[in-house]
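Asks: Attaching a single structure in structure tokens format; questions to follow.
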Amino acid sequence: MVQDKKLVDEVSGWLRVYDDGSVDRTWTGPPQVKFMADPVPPHEQFIEGVATRDVTIDSDSGLGVRIYLPDQILTTKTKLPILLHFHGGGFCISRADWYMYYHIYTRLARSVPAICVSVYLRLAPENRLPAACDDGFGALLWLRSLAKGESNEPWLNDHADFNRVFLIGDSSGANIVHEVAARGGPFDLNPIRLAGGIPIHPGFVRAERSKSELEQPQSPFLTLDMVDKFLAFALPLGCTKDHPITCPMGPAAPPINGLNLPPFLLCVAENDLIKDTEMEYYEAMKKANKDVELLISPGMGHSFYLNKIAVDMDPNTAAQTTALIEGIKEFIIDKH
């Protein structure tokens, strides 16, 4: 007799974990927003100025990336910077091919212009941290192998400037920006150069609730339930949110002043649930004399720019999304 598996835990709408260890990520929230979590097939022809391609970069592990190539490569004589992108989702959900990333990273690739390389990160709880960070660093080493001529990916080898590699990530992906940059500091990355890091609304928290967690409004992209449960699924067993990956400014993390980090642009939403700990990270970076700039989106919540419905329907969200893209573009083009 086959026993039905029992639900152990769930994060409303996003994820269900069963007693046999299986995980169901079928979207069960409002059907009108499901499209944002739908995969977008790759297309090597230019659509609205961008072509995309999926590439397996490690045949043993199956690690892959999605590449966004802007059509400026058809007219420009200069090679384009690389944005190595780590998606969000609390380390537990989402994929590089989801529409919520497609709609914003095609736009960013064209606006800069830059070639975006988005990593298909392993997800928890099947793959607890540091698995996703290992994938992010593995993708950086793959870029180095391309620059050294040990591997070949024509879109990058023909059109990318390996001297201008920027790490960029949303929410938990922004945690990976810090972690990969910190790992890369003492590492010989030649002939590539890590030119900057762009953590957007990083999932930096502490075991103890911050004032903003207690007082700021929860949003569709971040609730206290999501913070608590996703990190409980993702962190190594027995660890709290004070772990270095989720609290790089805390006492358990390597001292920031001892890290060899590139210039950072920290992007913070004024109404983010976890704004206080993000700002604590900013102050820790400043105290350690790191090159860090701050871009604040007034009146906005966590990952607002990924919400295509709000970007299309609300003029303020649209304006703040444009300002965010322009700020990132300025950081990449004008300053580094």
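Chain labels A, B, ... are given in the sequence in which chains occur in the structure tokens; within each chain residues are numbered consecutively from 1, and ligands are likewise numbered from 1 in the order shown.
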Can you build me a table of range 116-213 of chain A residues sitting at most 12 Å from range 23-36 of chain A, with the closest atom pair per residue and its distance in Å to one decimal, using only C-alpha atoms, sorted by chain and residue number, as CSV?

Replies:
```
residue,atom,partner,partner_atom,distance
A:Leu123,CA,A:Val23,CA,10.4
A:Ala124,CA,A:Val23,CA,9.4
A:Pro125,CA,A:Val23,CA,8.1
A:Glu126,CA,A:Val23,CA,8.0
A:Asn127,CA,A:Val23,CA,11.5
```

Asks: Return as JSON lines the residues of range 102-148 of chain A lying at most 9 Å from range 158-163 of chain A, together with the closest atom-to-atom pair for each and the distance in Å to one decimal, counting only C-alpha atoms, with rows in chain order and ascending residue number.

Replies:
```
{"residue": "A:Ala114", "atom": "CA", "partner": "A:Ala160", "partner_atom": "CA", "distance": 8.2}
{"residue": "A:Ile115", "atom": "CA", "partner": "A:Ala160", "partner_atom": "CA", "distance": 6.9}
{"residue": "A:Leu143", "atom": "CA", "partner": "A:Phe162", "partner_atom": "CA", "distance": 7.7}
{"residue": "A:Arg144", "atom": "CA", "partner": "A:Phe162", "partner_atom": "CA", "distance": 8.0}
{"residue": "A:Leu146", "atom": "CA", "partner": "A:Phe162", "partner_atom": "CA", "distance": 8.9}
{"residue": "A:Ala147", "atom": "CA", "partner": "A:Phe162", "partner_atom": "CA", "distance": 6.5}
```

Asks: Using DSSP on the backbone coordinates, identify the residues of range 113-212 of chain A assigned to alpha helix (DSSP H); present them as a ChimeraX atom specification.

Replies: /A:131-147,154-159,172-184,211-212

Asks: Between CA of Ser145 in chain A and CA of Pro263 in chain A, what is the distance, to one decimal in Å?

Replies: 23.3 Å

Asks: Which residues come within 9 Å of Ala288 in chain A, counting only C-alpha atoms, excluding same-chain residues fewer than 6 positions away, as an MDAnalysis selection string?

Replies: chainID A and resid 255:258

Asks: Can you tell me how far CA of Asp71 in chain A sits from CA of Val180 in chain A, in Å to one decimal?

Replies: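 It comes out at 28.8 Å.
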
Asks: Go through A:Lys6, A:His87, A:Lys211, A:Lys77 one by one, measure the shortest atom-to-atom distance of each to Ala132 in chain A using only C-alpha atoms, and give the residue with the smallest value.

Replies: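 So, comparing all the options, the nearest one is A:His87.
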
Asks: Which residues in range 52-165 of chain A does DSSP call strand (DSSP E or B)? List them as a VMD selection string.

Replies: chain A and resid 52 to 58 63 to 70 80 to 86 98 115 to 119 160 to 165

Asks: Restricted to C-alpha atoms, what would the selected residues look like written as a compact mmCIF listing (two decimals), in the first residue's frame?

Replies:
```
# COMPACT_ATOMS: atom_id res chain seq x y z
CA THR A 52 19.03 35.09 -25.40
CA ARG A 53 20.81 31.77 -25.20
CA ASP A 54 21.07 29.02 -22.55
CA VAL A 55 24.51 27.47 -22.09
CA THR A 56 25.70 24.60 -19.89
CA ILE A 57 28.99 25.75 -18.38
CA ASP A 58 29.82 22.61 -16.36
CA LEU A 63 25.46 24.26 -14.05
CA GLY A 64 24.04 26.58 -16.69
CA VAL A 65 23.58 30.25 -17.52
CA ARG A 66 21.26 32.36 -19.63
CA ILE A 67 23.02 34.99 -21.77
CA TYR A 68 21.32 38.25 -22.79
CA LEU A 69 22.97 39.81 -25.85
CA PRO A 70 21.88 43.37 -26.80
CA LEU A 80 30.58 45.39 -23.86
CA PRO A 81 30.83 44.95 -20.07
CA ILE A 82 29.54 41.73 -18.51
CA LEU A 83 26.83 41.63 -15.84
CA LEU A 84 27.10 38.32 -13.99
CA HIS A 85 23.60 38.01 -12.51
CA PHE A 86 22.32 36.03 -9.54
CA TRP A 98 11.53 33.47 -15.24
CA ILE A 115 25.95 41.41 -21.89
CA CYS A 116 24.08 39.81 -19.01
CA VAL A 117 25.00 36.29 -17.89
CA SER A 118 22.37 34.98 -15.47
CA VAL A 119 23.19 31.84 -13.46
CA ALA A 160 32.47 40.92 -24.16
CA ASP A 161 35.03 43.05 -22.33
CA PHE A 162 36.46 40.70 -19.72
CA ASN A 163 38.17 43.66 -18.07
CA ARG A 164 34.74 44.95 -16.97
CA VAL A 165 32.89 42.17 -15.11
```

Asks: Please report the interatomic distance between CA of Asp272 in chain A and CA of Leu259 in chain A in Å with one decimal.

Replies: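 Value for the CA of Asp272 in chain A-CA of Leu259 in chain A distance: 26.9 Å.
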
Asks: Need to verify the contact set: Thr246 in chain A, 6 Å, only C-alpha atoms, exclusion of same-chain residues closer than 2 positions in sequence. Can you return it as a ChimeraX atom specification?

Replies: /A:204-205,241,243-244

Asks: Go ahead and write the selection's residues with C-alpha atoms as a short mmCIF file (atom, residue, chain, number, x, y, z; two decimals), in the first residue's frame.

Replies:
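Writing done, so here's out27.cif:
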```
data_model
loop_
_atom_site.label_atom_id
_atom_site.label_comp_id
_atom_site.auth_asym_id
_atom_site.auth_seq_id
_atom_site.Cartn_x
_atom_site.Cartn_y
_atom_site.Cartn_z
CA PHE A 204 20.82 40.85 4.81
CA VAL A 205 19.16 40.10 8.16
CA LYS A 241 20.21 34.20 10.26
CA HIS A 243 25.28 33.20 9.34
CA PRO A 244 27.90 35.12 7.25
#
```
